[in-house]
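> Pasting in a structure now, in structure tokens, and then I'll have a few things to ask.
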Amino acid sequence: MKRALTHVSAVKTNSARGETYQRLEFLGDRVLGLSVSAMLFETFPKADEGELSRRLAELVRKETCAEVADEWGAGPHVRFGGGESLDGDSKKVTILADICESIIGAVFLDAGFEAAKALVARSWAGRMMSPRRPLRDSKTALQEWAQARALPTPVYREVERLGPAHAPVFTVDVTVEGFTAVSASGASKRVAEQAAAQAFLEREGVIEKKPRRALAEGETIG
């Protein structure tokens with residue numbers, strides 16, 4: 001594990017680079033990709049290749065790996081040399097992401113694939129089930145979220161239509177079995193349904209709530 005935490009700046013010669021985390025990072029990257037791919041394949045049996053690829057890319061991006069390394073408390077144990085450190089947000093993310101992968105690689109070498117896969121599952125399963133950003137539009141994201149929990153497809157119901165024919169305002173409820181319905185309004189049923197799905201995902205903490213853009217005339221979210 002010492003090698004998995006050794007930055008290249010900590011060695012004095014190029015011939016000693018094998019004692020740093022670089023080779024383990026290369027291996028861990030592949031182990032992580034295979035482990036997460038297997039998890040996605042098993043969890044989302046109806047997802048096509050494109051959807052699985054989008055989910056994989058989100059889960060193995062360097063920002064995610066850096067978060068995991070931080071959760072593992074790896075940062076203070078990284079061995080540097082030559083004045084290098086984790087100073088600087090961008091630099092910190094890059095190094096911690098590398099360290100995350102090198103640790104996975106080290107576990108693979110020491111204990112085998114099943115142990116490495118179990119390590120990945122402990123830190124990535126929750127992220128897989130609750131992505132921070134919708135991979136598609138909000139309605140699709142909500143349907144996938146429900147599907148992953150073996151829940152019925154979300155149901156949308158128009159509950160109100162106001163305003164003149166040339167500028168109507170639709171209010172729609174979205175219901176997922178076992179959860180309180182969420183309402184949203186918009187200038188069309190499609191807009192209202194998308195807004196309701198997004199509001200549901202935000203309420204349940206599936207995606208981060210972001211500041212609202214200025215709404216078009218007649219469009220509200222409730």
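Here, A, B, ... name the chains of the structure tokens in the order displayed, residue numbers run from 1 inside each chain, and ligands are numbered from 1 in the same displayed order.
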Considering only C-alpha atoms, return as a ChimeraX atom specification whatever protein or nucleic-acid residues lie within 8 Å of A:Gly33, sequence-local ones (same chain, fewer than 4 positions apart) excluded.

/A:29,37,56,60

> Write a file of the selected residues as a PDB file, in the first residue's frame, keeping N, CA and C atoms.


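Listing of again-v9.pdb after writing:
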ATOM      1  N   ASP A  29      -7.431   1.753 -12.662  1.00  0.00           N
ATOM      2  CA  ASP A  29      -8.389   2.359 -13.582  1.00  0.00           C
ATOM      3  C   ASP A  29      -9.181   1.272 -14.312  1.00  0.00           C
ATOM      4  N   SER A  37     -18.793  -1.380 -14.377  1.00  0.00           N
ATOM      5  CA  SER A  37     -19.534  -1.887 -15.539  1.00  0.00           C
ATOM      6  C   SER A  37     -20.366  -3.098 -15.151  1.00  0.00           C
ATOM      7  N   LEU A  56     -21.554   4.885 -16.715  1.00  0.00           N
ATOM      8  CA  LEU A  56     -20.173   4.538 -16.392  1.00  0.00           C
ATOM      9  C   LEU A  56     -19.285   5.774 -16.402  1.00  0.00           C
ATOM     10  N   VAL A  60     -17.027   7.071 -13.089  1.00  0.00           N
ATOM     11  CA  VAL A  60     -15.572   6.914 -13.014  1.00  0.00           C
ATOM     12  C   VAL A  60     -14.825   8.206 -13.353  1.00  0.00           C
TER      13      VAL A  60
END

> DSSP says alpha helix (DSSP H) for which residues of stretch 102-220 of chain A? Put them as a PyMOL selection string?

chain A and resi 102-111+113-129+138-148+189-203

> Considering only C-alpha atoms, state which residue in the set A:Leu162, A:Leu96, A:Met39, A:Ala47 is at the smallest distance from A:Ala66.

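Comparing A:Leu162, A:Leu96, A:Met39, A:Ala47 against A:Ala66, the winner is A:Leu96.
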
> With only C-alpha atoms as the counted atoms, please give the residues lying no more than 9 Å from A:Lys62, apart from itself and same-chain residues fewer than 4 positions off, as a count of residues only.

7

> Which one of A:Ala69, A:Ala121, A:Ile104, A:Ala187 sits closest to A:His166 if you count only C-alpha atoms?

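Smallest distance to A:His166 is found for A:Ala187.
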
> Wanna dump the stretch 102-154 of chain A-stretch 193-199 of chain A contacts at 10 Å for me, each residue with its shortest atom pair and the distance in Å to one decimal, counting only C-alpha atoms, ordered by chain and number, as a tab-separated table?


residue	atom	partner	partner_atom	distance
A:Pro134	CA	A:Gln198	CA	8.9
A:Asp137	CA	A:Gln194	CA	7.5
A:Ser138	CA	A:Gln198	CA	5.2
A:Lys139	CA	A:Ala197	CA	5.3
A:Thr140	CA	A:Ala197	CA	8.7
A:Ala141	CA	A:Ala197	CA	8.2
A:Leu142	CA	A:Ala197	CA	6.2
A:Gln143	CA	A:Ala197	CA	9.0
A:Pro154	CA	A:Ala197	CA	8.9

> Excluding A:Glu204 and residues on its chain fewer than 5 positions from it, collect all residues at most 12 Å away from it, counting only C-alpha atoms, and give them as a PDB file with N, CA and C atoms, in the first residue's frame.


ATOM      1  N   SER A 130     -27.994   6.906  -6.984  1.00  0.00           N
ATOM      2  CA  SER A 130     -28.425   8.304  -6.850  1.00  0.00           C
ATOM      3  C   SER A 130     -27.446   9.233  -7.567  1.00  0.00           C
ATOM      4  N   PRO A 131     -27.446   9.233  -8.886  1.00  0.00           N
ATOM      5  CA  PRO A 131     -26.538  10.124  -9.614  1.00  0.00           C
ATOM      6  C   PRO A 131     -26.818  11.580  -9.290  1.00  0.00           C
ATOM      7  N   ARG A 132     -25.776  12.373  -9.230  1.00  0.00           N
ATOM      8  CA  ARG A 132     -25.941  13.790  -8.879  1.00  0.00           C
ATOM      9  C   ARG A 132     -26.562  14.594 -10.004  1.00  0.00           C
ATOM     10  N   LEU A 142     -36.106  10.126 -13.745  1.00  0.00           N
ATOM     11  CA  LEU A 142     -37.008   9.660 -12.695  1.00  0.00           C
ATOM     12  C   LEU A 142     -37.458   8.230 -12.958  1.00  0.00           C
ATOM     13  N   TRP A 145     -34.661   5.955 -12.031  1.00  0.00           N
ATOM     14  CA  TRP A 145     -34.532   5.910 -10.574  1.00  0.00           C
ATOM     15  C   TRP A 145     -35.560   4.959  -9.984  1.00  0.00           C
ATOM     16  N   ALA A 146     -36.806   5.050 -10.468  1.00  0.00           N
ATOM     17  CA  ALA A 146     -37.858   4.155  -9.979  1.00  0.00           C
ATOM     18  C   ALA A 146     -37.569   2.706 -10.379  1.00  0.00           C
ATOM     19  N   VAL A 176     -44.946   8.519  -7.584  1.00  0.00           N
ATOM     20  CA  VAL A 176     -44.190   7.268  -7.558  1.00  0.00           C
ATOM     21  C   VAL A 176     -44.684   6.483  -6.353  1.00  0.00           C
ATOM     22  N   PHE A 179     -44.375   7.276  -2.421  1.00  0.00           N
ATOM     23  CA  PHE A 179     -43.877   8.633  -2.218  1.00  0.00           C
ATOM     24  C   PHE A 179     -45.005   9.644  -2.440  1.00  0.00           C
ATOM     25  N   THR A 180     -44.914  10.765  -1.735  1.00  0.00           N
ATOM     26  CA  THR A 180     -45.890  11.830  -1.901  1.00  0.00           C
ATOM     27  C   THR A 180     -45.739  12.464  -3.281  1.00  0.00           C
ATOM     28  N   ALA A 181     -46.874  12.745  -3.916  1.00  0.00           N
ATOM     29  CA  ALA A 181     -46.859  13.347  -5.248  1.00  0.00           C
ATOM     30  C   ALA A 181     -46.223  14.730  -5.214  1.00  0.00           C
ATOM     31  N   VAL A 182     -45.690  15.137  -6.362  1.00  0.00           N
ATOM     32  CA  VAL A 182     -45.115  16.474  -6.530  1.00  0.00           C
ATOM     33  C   VAL A 182     -45.818  17.143  -7.701  1.00  0.00           C
ATOM     34  N   ALA A 197     -41.041  16.120 -12.671  1.00  0.00           N
ATOM     35  CA  ALA A 197     -40.036  15.072 -12.488  1.00  0.00           C
ATOM     36  C   ALA A 197     -38.782  15.637 -11.843  1.00  0.00           C
ATOM     37  N   GLN A 198     -38.341  16.805 -12.305  1.00  0.00           N
ATOM     38  CA  GLN A 198     -37.148  17.422 -11.728  1.00  0.00           C
ATOM     39  C   GLN A 198     -37.374  17.783 -10.268  1.00  0.00           C
ATOM     40  N   ALA A 199     -38.549  18.330  -9.965  1.00  0.00           N
ATOM     41  CA  ALA A 199     -38.851  18.699  -8.581  1.00  0.00           C
ATOM     42  C   ALA A 199     -38.858  17.465  -7.679  1.00  0.00           C
ATOM     43  N   LYS A 209     -30.274  20.384  -5.916  1.00  0.00           N
ATOM     44  CA  LYS A 209     -31.180  21.468  -6.272  1.00  0.00           C
ATOM     45  C   LYS A 209     -30.366  22.668  -6.703  1.00  0.00           C
TER      46      LYS A 209
END
